[in-house]
Each structure stands twice: as C-alpha cells, then as structure tokens.
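Written out below as structure tokens is the structure these notes cover.
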Amino acid sequence: MNTPTLSKTKKTARGIFGTLIIPVAVGLILWIVCAANGVSMFSNAQSLTIFVRGVATVMLTTIALAINLNSGRFDFSLGSVATLSAVISAQITLNAGGNALTMLILSIVFGILLGAVSGGIYVLLRLPPIITSLGVALLYEGLAFTITKGSNVSFYGKTDVSGITTNVLYMLIIIAAVLLITIVLFDRSRFGYRYKALMAGQKVSVNTGIKEVSNAVVCYAFSGALMSIVGYLTATSVGIISVDILNFGSIGVMFSAFLPMFIGGFIGRYSNDKLGYLLAAITMTFFSMTYSALSVKSSTQSIINAVLLVVFLIYLSNEKTVKDIAALKHIRNLFKKKTDGETNND
Amino acid sequence: MDKVKTNEKFSKRQKLISLTPIIGLVILLILYVVIGIIKDINFKAGFEAIVNQSVILAIVATGAIFIFTLGSFDISLGASTLVSACAGGLVYNATGSVALMLLTCVAASLAASLVSSVLGSIFNLPVFVTTVAMMSVLSAVSEMLITGKGGNQIRISGLSGLENIWVKLIFLVIFTAICVFVFEFTKVGRRQKALGGNPVCAKLTGISVKTYAILAFIMAGVGIGLGGFLTAVRASTITSGTASDIGMNIFIAIVFGGMPISGGPRSRIYAAIIGSFSIRILSQILTMLLAAVPGANGIAQIVRAIFFLAMVYLASMNYRTKMLPR
Amino acid sequence: MKTLKKIVSVAVALALIATAVLALASCGEAKKVKIGVIVADATGSEALSFRNYYKEYIEQNYAVEFLYSDALTDAEAEKAAIENFITSGCKAIISLASADRPAQIEQCEKAGVYYAVASGVLNDDEYAKYKDYKYYVGAIGPSLDVEYQTGYEMAKAQIAQGKTKFAIYGAGVGYRIDMHVQRTAGMLAALCEDESTTYGGVSIPGAIIGSLYTDGEVSLSKFQSSKYELVGYHALWNFGDATWQANLASVVAAEPEVILCAGTGLSVFGQAVSGTNVKICDIDSFTSDYATAMQNGTVTYLAGKYASSIGPIFAAVLDAVNGHAVKTEAGEALALGQSYWVATSYAQFEKFQSADSVANPIFNKTLLDTVVGDSISYGTFKTFVETDRTPA
C-alpha cells in the first residue's frame, strides 16, 4: 500500500547518497591519510580561508568550462579572460582609487565584455570554437601584456583591494550567489531551456526557431563573468598579477577543470549538475589541502590527478560493465544457469 | 549554359579559397623579403633561422595530422616530444650512439602514443581527455628523467655536427614523403579520412575505429620521435621547459595551413608544413618590425592572433554552415 | 568571385603598404649599433629596471639600439632568439638568460657576433673553455660565491639580532637556478655554523649545495638543530595553484620570526604576512614596493642589484663592437665581480633608490665614457667595475 511513498523515499535516499558519496568518501579517506602521517588538512587559522577560496576558484572555473563544453565548445581562453579582466580592473582601481568591491564589479563588467567579444568572434566568423578560442587566448594574453607594458601588476600594501579574499563569509556569499544565479539561469529560465534544447539537438532546435547565436554569446559572456571573478580572487589573494603568460601561458587553467567537471556531471545525475560542480570543487580542494599538508611534489600531484581523471573516465565510460562486475553478475548468471540445469535434471 | 558558368565560377572560387594557405605563405614570404631588404637584414641567417625554427614543428605536426584527420586531437604532443628528447639524450650520453639515440626517441614517443590510443580504444575514453591526462603524466616523467641524477638539465654534447639545416630538411622531406604516401595512396589514409568524415558510415562499412585510431597515433608517435631527436640535437641542453610551445603551436600550425579541425576527407597532409613555416615567417616579420617597440611582445602576439583568425576564416569560406559549428 | 578577389587584393595591398610604412619609418635614422638582449624574465621588477636603464638611458646617450627577446625558458628558445637577433643585424648579444650559456657562446662565435653575460658569471669550467673565444666579451655580475655570500650574510645578520625561528623561501631552487641555490645554501650554511645544527647530517657548504641540487628543495626533516627552528619552506611562483597557496599560508601560520628569501620574497609573501609579526629578508631590487615594505617594517633586510649595474658590461660590449675589446693581460675574456647593496633600514633604502634612477644612474654617460674608447686597459676597466659605488 505504501509502495509509491517508499519508491519516492528510495529515490531521495539514492539521490542524496549519489550526491554526497564522492566528496564525503574523498574527504574521509584524505583525512585518514593525513592523520596517519601526523598532519592535518586544516592545520592553521588560514586553512579555512584557503579552502573556501580554493572551492570558489575551482567551482567557478568548472562552471565556466562546462557551460560551453557541454555544448561542444572548447574554450581555451578561460585563463586569458581571467587575467585580462583582472589587469584592466586592477589598473583602473589602483590608478583612480577604489576598494575591493569596486575592483570586483569592474572585473565582472569587463569579464562579461571580454566573454561577449569571444562569443561574438565565434558567431561572426563561424569557425570551430576551439579555433576561435585559441585566437582569443592569444589576443587577450597579448592585450594583458601590452596594457601593462610587460610589467606585473602588484597589489602590495593595498589591503583595501584584497579585503574580500581574506574574508570567508564574503567568499561563501560569492559561491552561493554564483550557484543560485547559474541554477536559475540554466535550469529555471527560458534561456536555460533553450540552452538545453540546443545542447540536446542543435539542428532541430535551430529549425524550431531557437536563436542559437544569442544563446551562444550569452553563454560566453556568463563564462567570462565567472572567470573574471576567478581572476579577481587569484590576483587579490596573492597580491600580484603576472602578465608573463604569452604563447598560451594561460591555458593550463582549462585543463585543471576537467576532472571536477566530470565529477560534477556524475553527481548531477543524482541531483543537480551545478551543485555537482560545487561538490566536485570541494573534493578537489580536499586534495590540494592534503598535498600541501603532506608536502607532495608537484610532479607527483600531476600524476595523481591524471590517474584519477583516467580512472574516473574509465568508470564513466564503462559504468554498466563495472557495475556488473561489482555485482558479480556474470558469476551469478553462471551459478544460476548451473542450478537451473540441475533442477531440470532432477 | 548560365548554370554551367555559375558552377564553373563556383568551383574556381572554391579552388581559390582552398589555396588560401599557400597564397598566405607566398604573401608572407614576399613581405619578409621586402621588409628584410628595407631593414637590411642578414638573409642567409634569416632563412636558416626560419628552417631551424620550423622543421621540428612541421615534422611533429605532420605526424599529428593523422590524429586530427580522425576528428580527434592530442594535447600531449609537446610533453611527448620532451620525454622523447630526454630519453634519447640519456641514451646518447650513456652510449655515444646516434642511431641508438634516434631509436630510443622514436620508441619512447611510440610508447607514449600507444598508451594514449590503447587506453582510449579499450576503455572507450574520449581521446582528447585521455591526452590531457597523458600530458600531466608525461610532464612528470620528463621531470623525473631530467632531475633523476640531481641537477635540472640533461646536457648533450658532441652532436653539433648534426645541427644544420640540411639534416633537418632531409628528415622533413623523408618523413613527409612517407606520410604523403600513407595518407594519399594507401587505404590507411583513405579509411582515416572516412572515419573523420562520417564515423557512423565508416563503422558500418566495416572500418575498425580502434585499429585506425591506433595507427594514427603510431604515425604521430614516429613524428614526435623524430621531432624529439631533432630537439635534443638543437637544444643540446634539455630542461623541463624544452618543447613546451610545441603542443599548442601544432594546433595553430595545422589550422593555419588549411586543415579543417573536424578532420575528414578535406584533411591535407601538407597543411602542417605550410602552417609551420607560415607562423615562423610571420614571427620573423613581427620581430623585424616591432623589436624596438615597448611592449613589442604583446603587440606581436595580438597581430599574430588577428592574422591567425583572418587566415583561418578565409581558408574555411568553402565550408560555412547555417548552424554554428561545434 | 569578383568580390572575393577584390577583398583579397585590397587586403594584400593594405598589408604591403602598412608594413612598408612601418619599415620605412625607421629608415631615416642614423645607423645605430644593434645589440640583442636575451632575458629569462621579462616582467619582474628587476628585469624591467634593467630594461628601462638600457632603453631609456643608454639608447638616449649612445648610438645603440637594444632589441629584447621574449621571456626565454629553455635552451631552444634562447637559440631561436639569438638566431632572430643575428638575422636582424645585431652586432652583439647581452645575455640575462642562463638555460645554456655554453651553447649561446658557441652560437655567437660561429656567427661572428659578440656575446656577453650581464648580472652573472660563467662557472670556472665554462670560463676556462671560453675565455679565449674571439667573440666572447666576458661576464660582469655577482659570482656564485657572491650569491652564496649574500645569502650567508643575510642569515648571519638575523642570527646576530637573536632570531632563532626561521622559514626559507627558495624561489627557483625547484628549477635548480644557480643563484637561488647558492643563496639558499648560504642561508643554511650560516645556520649550520652553530654546533648543534646540521642539514642532512652535514654543515659543509659544498655538501649543502650538493644536497639542494639533488633534492631541488630544502627538506625540513633534514634540518636538525637544538638552537634554531626551521618551521617552513616554500618555493616557485605557482600563484594560481591552490596547493602552492595552502603551503604558503602554512609557512606564515607557523609564525617564523623571519622568512629568508632567495628572491622575489615580497611578491610572494607580502600580502600573506601583512598584519602579522613575520618579517621578510630578501635579495631582489630597489623598487617602490620594497620602499613601502621597508617603511612599514615588513622587509627588514634587502640585498639588491641596482639598475645601472649592467652599465659596465654594455661598455665592454660597445668597445668590442668598435674593435677595441677589453681583454685581460693574458688576452682572455673578462670575468669581473659585482656585489649587492644591502639596506637594513628605510633611510638606507631611500638613499640607494635615489642614488640610481633612470634619469640619474650611477653608471651614467660621464662615468661610462671613461671606459668606452680605444686602448682601455684591463686594469682600468677592472678598477672601474670593482670600485665600491655604494652610496655613503
């Protein structure tokens, strides 16, 4: 009599389990590893700030990448948008006077502009997005270098500009706000429905009248806004913007977001992919904190991250086979055939 | 009659557009010569510099064409070239044998390529993401090779005799000839183009995706190995930054040279060579014009970006689609 | 089709006109000696101060033109940059990049282009091999011994003040950059002068240097002392990496009394230590950020190169290009040392900063002209370089 309710409960439980299993399991395992080595991920007063900032940065980058990549648009220009928007907003704020909020708002404005220009180049030239993003990356890196005349931008002593990145509450507000806006825009708005329609079937969506061009440009602009916040957080937390990023020095940012994107997509099956990106960012930041606590060499970190990416992808691409193996399905089938055979003989 | 004339015009237009990369290369050469005369440059040194700086990229990119023809891409080519150079350098230092060094370079790169392709084939992984993971692994491997005995470099001495443009050109010509033969005159090339053009159709006609993907990575691996060998010869000191620009410059070179990024039957084996030489000549031109200008490096990169987008736009005018490309 | 042809023709014509105009724009100028400068760092404050000195002072006062490379990270890039400079007609190369100096020297020798090392030196083996090369002008800069000594004296100064709790920032030790390794080794050696202190079981400088080259880092577990604490180690410049940032924070959170930095310490730690009692001692250059830091007491010790310290090597290069290369009595290339200015107070810093500016450098034209010309003897040049020009 209670079967429909049970089924709903079961679904909810499954959803919660699927959503939380990866961050919780990873967090627990890494905590145990740290404890076994006599260290802790959160060893000092700054640890929480670093952690929240890491989560914010990874989450924003992952969403920025996923927005376009899910629609088949590789975007190598993410890092260059982050740097150039930070450079422009920093130059204005430091020269004309301003505080952290001013710089953040300016960063976002320029991030939207730069993203829109990137999207505009893509829709005007109608070239594969991977090509236009390479061109845009070169362009923006060159612009950042030229604007600063090849000189790094320093914030040393300008504590009024860096106020946000030293405050956990402000960064949590940024995370929550971005998450909310992203969910509303991409999951609950007409724009989002059109975005998903284009993702699922480009040709039929265009034929039904969905304006693909404006949708793409808005995606690029939103991605630019997110990366501008990343650029702002990074610049003001370390106190310097390095413009020595010519010849594709900025594209590494994109690669670091692949694993959290896949994790987020996996979690998205059980709840919401944007929430998944947040949880994936938490997972990856656990790793960063652990690497720091254990003083893991950067080459070892690279290998671990690469192996995790491949293993996770192998699982995702062969999920059914893995589940069958895990459930010992084949062995059970064999056993079942054998017992069926014996029963028949009897 | 009008329809015939229109068709003729259209095919002439298509032909002109398809020749845009070659026209671009010629224009760049003319500009280089004109500006060089005005600036009174050393042309002998200049042409040697262009060859020296283009050949390694051209060889690696030519091998990579086989991967791009399938509609895939490999982002780990630079890291693979570095591993190949490191392995070859260490073997040469241990044995003094150039032949062994060359064999080691090719073997190391083939191993790296096969790992990528086999992983992708066996586990049905998206090739691009596998190569992203391989890039990290190969970078770490090269760091271990470089710092294995302490220090931050592998120094190779005694190979200066091989560091000349004729050796490089011989490598380029021979490897390109082999690639052209395989790509244009064997079923390997034909089937790879078919897979890149329409994978579903190709599969249904019995073409094995996995086999030809592995073959593509093997061809690319040979190119990387030769590129790694020439890198070791040229650099003579290998550090973790060696060959770092090859990975992304391959994209630029082959697209600049007219290769469609989606691969398929429109793929051109010569795109890598045209693109590699084009971007180097463009760099030389910008160096001549802007070297004394403040912030020149940034301005040069902006000009390169605009030129790159313009060239690719012109070269792809034949293939405009109603929908946005993905 | 016609439209397309028009577009192509117009584009080609415009490109030709634009480039011809740009090229011709420089035609009317008097013939200047072109000197190529290859750099490993193009955007840091020290690199820019050197560049400004050459471009804004030397170019205005001598008939020379400096062409600068991109930031060069490896030997192949250095080779390509030198090829480009040779193509452009450079008569000399001044090197501030050190991925493969021997290869640079060989390349220039083969091309008949003069080569010099600024702000650095060759090691003894390299000097022995190249000192007789016709086109090798020489090296003027802090020797590796000076780099070691600078790190050593910086640490000793802190020990003399009674400091016992340290952290170290090794800068490019992870890349085995020689000057950073030597500076860091000097710091450790100073600490190891205490009887109870060893690094990796040894206290001999050579062994410490070897250990740093092998490990590519300072290993906290190797540091043993009953007098001093080494509470943290950090290196490199991975600003965007969360792990790197977490490690930086843990170094500051360990509350060392002072962070001994092998270079760029303020850029890395400046933001993180503000509001704390952690001090920074650094080996860098006299920039406005360091002025602020010294004024507010964050930086308490700065050993710096001044921008015009690369003036003498320019003078040597100009003499060589003009056919009057300055050689030692044995006819060998120059190998002359320079040292750092050390500021331990804001007043001292101000004095140093105002003593050497682009408008009014220490090595100004008047001074440089005393060693630019024919028949400048080695003795004169050596005295010129090695005279202590620290502002009184």
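Residues are named by chain letter and number: chains run A, B, ... in the order of the structure tokens, numbers start at 1 in each chain, and ligands are numbered from 1 in the order shown.
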Check: which chain A residues lie within 6 Å of chain C using only C-alpha atoms, as a list in words
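Per the criterion, chain A yields Asn44, Gly54, Gly150, Ser151, Asn152, Gly239, Ser288 and Ser292 of chain A.
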Nearby residues (only C-alpha atoms) at most 9 Å from Phe381 of chain C, same-chain spacing under 5 positions excluded, as JSON, numbers by chain
{"C": [312, 316, 326, 370, 371, 376, 386]}
Taking only residues of chain B that have an atom at most 8 Å from an atom of chain A, what is each one's shortest atom pair and its distance in Å to one decimal, using only C-alpha atoms, in chain and number order, as CSV?
```
residue,atom,partner,partner_atom,distance
B:Phe123,CA,A:Ile314,CA,5.8
B:Asn124,CA,A:Ser317,CA,6.2
B:Leu125,CA,A:Ser317,CA,6.3
B:Val129,CA,A:Phe258,CA,7.9
B:Thr130,CA,A:Val310,CA,6.6
B:Val132,CA,A:Phe255,CA,7.0
B:Ala133,CA,A:Ala306,CA,4.5
B:Met134,CA,A:Ala306,CA,7.0
B:Ser136,CA,A:Ser302,CA,5.4
B:Val137,CA,A:Ile303,CA,5.1
B:Ser139,CA,A:Ser299,CA,7.5
B:Ala140,CA,A:Ser299,CA,4.7
B:Glu143,CA,A:Ser299,CA,7.3
B:Asp245,CA,A:Asn247,CA,7.2
B:Met248,CA,A:Phe248,CA,7.3
B:Ile252,CA,A:Leu134,CA,7.9
B:Val255,CA,A:Ile131,CA,7.9
B:Ile261,CA,A:Pro128,CA,7.3
B:Pro294,CA,A:Lys149,CA,6.8
B:Gly295,CA,A:Lys149,CA,4.9
B:Ala296,CA,A:Thr146,CA,7.6
B:Asn297,CA,A:Gly142,CA,7.5
B:Gly298,CA,A:Gly142,CA,4.1
B:Ile299,CA,A:Gly142,CA,6.1
B:Ala300,CA,A:Gly142,CA,7.6
B:Gln301,CA,A:Gly142,CA,5.2
B:Ile302,CA,A:Leu139,CA,4.8
B:Val303,CA,A:Leu139,CA,8.0
B:Arg304,CA,A:Leu138,CA,7.7
B:Ala305,CA,A:Gly135,CA,5.0
B:Ile306,CA,A:Gly135,CA,7.2
B:Phe308,CA,A:Gly135,CA,6.7
B:Leu309,CA,A:Gly135,CA,6.1
B:Val312,CA,A:Leu127,CA,8.0
B:Tyr313,CA,A:Leu125,CA,6.4
B:Ser316,CA,A:Leu127,CA,7.8
B:Arg320,CA,A:Arg126,CA,7.1
B:Thr321,CA,A:Arg126,CA,7.8
B:Met323,CA,A:Lys203,CA,7.3
B:Leu324,CA,A:Arg126,CA,6.0
B:Pro325,CA,A:Pro128,CA,5.2
B:Arg326,CA,A:Gly72,CA,5.3
```
Selection export as a CSV table (one decimal), in the first residue's frame, atoms kept: N, CA and C atoms:
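Generated output (again-v3.csv):
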```csv
chain,number,residue,atom,x,y,z
B,123,PHE,N,39.1,1.3,-23.4
B,123,PHE,CA,38.1,1.7,-22.4
B,123,PHE,C,37.1,2.7,-22.9
B,124,ASN,N,37.1,2.9,-24.2
B,124,ASN,CA,36.1,3.8,-24.8
B,124,ASN,C,36.2,5.2,-24.3
B,125,LEU,N,37.4,5.7,-24.0
B,125,LEU,CA,37.5,7.1,-23.4
B,125,LEU,C,37.6,8.1,-24.5
B,129,VAL,N,40.4,14.0,-23.8
B,129,VAL,CA,40.6,14.0,-22.3
B,129,VAL,C,41.7,13.0,-21.9
B,130,THR,N,41.8,11.9,-22.6
B,130,THR,CA,42.9,11.0,-22.3
B,130,THR,C,44.3,11.7,-22.5
B,132,VAL,N,44.8,14.8,-22.3
B,132,VAL,CA,45.0,15.8,-21.2
B,132,VAL,C,45.7,15.1,-20.0
B,133,ALA,N,45.2,13.9,-19.6
B,133,ALA,CA,45.8,13.2,-18.5
B,133,ALA,C,47.2,12.8,-18.9
B,134,MET,N,47.4,12.3,-20.1
B,134,MET,CA,48.8,11.9,-20.5
B,134,MET,C,49.8,13.1,-20.4
B,136,SER,N,49.9,15.5,-18.3
B,136,SER,CA,50.4,15.6,-16.9
B,136,SER,C,51.4,14.5,-16.6
B,137,VAL,N,51.0,13.3,-17.0
B,137,VAL,CA,51.9,12.1,-16.7
B,137,VAL,C,53.2,12.3,-17.4
B,139,SER,N,54.7,15.0,-18.5
B,139,SER,CA,55.5,16.1,-17.9
B,139,SER,C,56.2,15.6,-16.6
B,140,ALA,N,55.5,14.8,-15.8
B,140,ALA,CA,56.1,14.3,-14.6
B,140,ALA,C,57.2,13.3,-14.9
B,143,GLU,N,60.2,15.2,-16.0
B,143,GLU,CA,60.9,15.8,-14.8
B,143,GLU,C,61.7,14.8,-14.1
B,245,ASP,N,56.4,24.8,-26.2
B,245,ASP,CA,55.4,25.6,-27.0
B,245,ASP,C,54.9,24.7,-28.2
B,248,MET,N,50.6,23.6,-28.3
B,248,MET,CA,49.6,24.4,-28.8
B,248,MET,C,50.0,25.0,-30.2
B,252,ILE,N,47.9,25.6,-34.0
B,252,ILE,CA,47.9,26.8,-34.8
B,252,ILE,C,48.5,26.5,-36.2
B,255,VAL,N,46.0,24.4,-38.5
B,255,VAL,CA,44.8,25.1,-38.9
B,255,VAL,C,45.2,26.3,-39.8
B,261,ILE,N,39.6,21.4,-38.6
B,261,ILE,CA,39.8,20.8,-37.3
B,261,ILE,C,38.9,19.6,-37.1
B,294,PRO,N,58.3,49.4,-27.4
B,294,PRO,CA,58.0,49.0,-26.0
B,294,PRO,C,56.7,48.1,-26.0
B,295,GLY,N,56.8,47.0,-25.2
B,295,GLY,CA,55.6,46.1,-25.2
B,295,GLY,C,55.5,45.4,-26.5
B,296,ALA,N,56.6,45.2,-27.2
B,296,ALA,CA,56.5,44.6,-28.6
B,296,ALA,C,56.0,43.2,-28.5
B,297,ASN,N,56.4,42.5,-27.5
B,297,ASN,CA,56.0,41.1,-27.5
B,297,ASN,C,54.5,40.9,-27.4
B,298,GLY,N,53.8,41.8,-26.7
B,298,GLY,CA,52.4,41.7,-26.6
B,298,GLY,C,51.7,42.1,-27.9
B,299,ILE,N,52.3,43.2,-28.5
B,299,ILE,CA,51.7,43.7,-29.7
B,299,ILE,C,51.9,42.6,-30.8
B,300,ALA,N,53.0,42.0,-30.9
B,300,ALA,CA,53.3,40.9,-31.8
B,300,ALA,C,52.3,39.8,-31.7
B,301,GLN,N,52.0,39.5,-30.4
B,301,GLN,CA,51.0,38.4,-30.2
B,301,GLN,C,49.6,38.8,-30.7
B,302,ILE,N,49.3,40.0,-30.4
B,302,ILE,CA,47.9,40.5,-30.9
B,302,ILE,C,47.8,40.4,-32.4
B,303,VAL,N,48.9,40.8,-33.1
B,303,VAL,CA,48.9,40.8,-34.6
B,303,VAL,C,48.8,39.3,-35.0
B,304,ARG,N,49.6,38.5,-34.3
B,304,ARG,CA,49.5,37.0,-34.7
B,304,ARG,C,48.1,36.5,-34.6
B,305,ALA,N,47.5,36.9,-33.5
B,305,ALA,CA,46.1,36.4,-33.2
B,305,ALA,C,45.1,36.8,-34.3
B,306,ILE,N,45.2,38.1,-34.7
B,306,ILE,CA,44.3,38.6,-35.7
B,306,ILE,C,44.6,37.9,-37.1
B,308,PHE,N,46.0,35.0,-37.6
B,308,PHE,CA,45.6,33.6,-37.5
B,308,PHE,C,44.1,33.5,-37.7
B,309,LEU,N,43.3,34.3,-37.1
B,309,LEU,CA,41.8,34.2,-37.2
B,309,LEU,C,41.4,34.6,-38.7
B,312,VAL,N,42.4,31.7,-41.1
B,312,VAL,CA,41.5,30.5,-40.9
B,312,VAL,C,40.2,30.8,-41.5
B,313,TYR,N,39.7,32.0,-41.3
B,313,TYR,CA,38.4,32.4,-41.8
B,313,TYR,C,38.4,32.4,-43.3
B,316,SER,N,38.4,28.8,-44.7
B,316,SER,CA,37.3,27.9,-44.4
B,316,SER,C,36.0,28.5,-45.1
B,320,ARG,N,31.1,27.1,-44.9
B,320,ARG,CA,30.2,27.8,-44.0
B,320,ARG,C,28.9,26.9,-43.8
B,321,THR,N,28.5,26.9,-42.6
B,321,THR,CA,27.2,26.1,-42.3
B,321,THR,C,26.2,27.1,-41.7
B,323,MET,N,24.2,26.5,-39.2
B,323,MET,CA,24.3,26.4,-37.8
B,323,MET,C,25.7,26.8,-37.3
B,324,LEU,N,25.8,27.1,-36.1
B,324,LEU,CA,27.2,27.4,-35.5
B,324,LEU,C,27.9,26.1,-35.4
B,325,PRO,N,29.2,26.1,-35.8
B,325,PRO,CA,30.0,24.9,-35.8
B,325,PRO,C,30.3,24.5,-34.3
B,326,ARG,N,30.5,23.2,-34.1
B,326,ARG,CA,30.9,22.7,-32.8
B,326,ARG,C,32.1,21.8,-32.8
```
Between B:Ile214, B:Met317, B:Leu195, B:Leu114, which residue has the minimum interatomic distance to chain C, considering only C-alpha atoms?
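Of all the options, B:Met317 lies closest to chain C.
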May I ask you to extract the residues of chain C within 6 Å of chain B, using only C-alpha atoms, and to give them as a PyMOL selection string?
chain C and resi 1+67+73-76+83+87-89+176+213-214
Find the spatial neighbours of Ala335 of chain C, counting only C-alpha atoms, within a cut-off of 7 Å - ignore same-chain residues fewer than 3 positions away - and output them as a PyMOL selection string.
chain C and resi 121+138-140
Quick one: write out the picked residues with N, CA and C atoms as a JSON list (two decimals), in the first residue's frame?
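Everything below was put into out-v7.json:
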```json
[["chain", "number", "residue", "atom", "x", "y", "z"],
["C", 121, "VAL", "N", 77.79, 35.29, -14.02],
["C", 121, "VAL", "CA", 79.12, 34.85, -14.44],
["C", 121, "VAL", "C", 79.04, 33.44, -14.97],
["C", 138, "GLY", "N", 82.86, 38.60, -22.20],
["C", 138, "GLY", "CA", 83.06, 38.31, -20.79],
["C", 138, "GLY", "C", 81.78, 38.39, -19.99],
["C", 139, "ALA", "N", 81.94, 38.28, -18.69],
["C", 139, "ALA", "CA", 80.80, 38.31, -17.78],
["C", 139, "ALA", "C", 81.08, 39.26, -16.63],
["C", 140, "ILE", "N", 80.11, 40.11, -16.33],
["C", 140, "ILE", "CA", 80.25, 41.01, -15.18],
["C", 140, "ILE", "C", 79.00, 40.87, -14.34]]
```
Residue with smallest distance to Asn95 of chain A - pool A:Ile67, A:Lys320, A:Asn167, A:Val153, counting only C-alpha atoms
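Selected residue with least distance to Asn95 of chain A: A:Val153.
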List as an mmCIF file with C-alpha atoms, in the first residue's frame the protein and nucleic acid residues near Tyr199 of chain C, meaning an atom at most 7 Å away when only C-alpha atoms are counted, but skip any in the same chain fewer than 6 places from it.
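Contents of part_4.cif, as written:
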```
data_model
loop_
_atom_site.group_PDB
_atom_site.id
_atom_site.type_symbol
_atom_site.label_atom_id
_atom_site.label_comp_id
_atom_site.auth_asym_id
_atom_site.auth_seq_id
_atom_site.Cartn_x
_atom_site.Cartn_y
_atom_site.Cartn_z
ATOM 1 C CA ILE C 208 74.676 21.598 1.422
ATOM 2 C CA LYS C 222 66.943 17.205 7.121
ATOM 3 C CA PHE C 223 67.358 20.307 9.270
ATOM 4 C CA GLN C 224 68.488 19.341 12.769
#
```
Quote the spacing between atom CA of Lys165 of chain C and atom CA of Glu255 of chain C in Å to one decimal place.
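The value is 8.2 Å.
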Test item, alpha helix (DSSP H) assignment across segment 62-290 of chain A, answer as a PyMOL selection string
chain A and resi 62-69+78-96+100-125+129-147+168-187+190-200+202-207+212-238+252-256+258-268+273-290
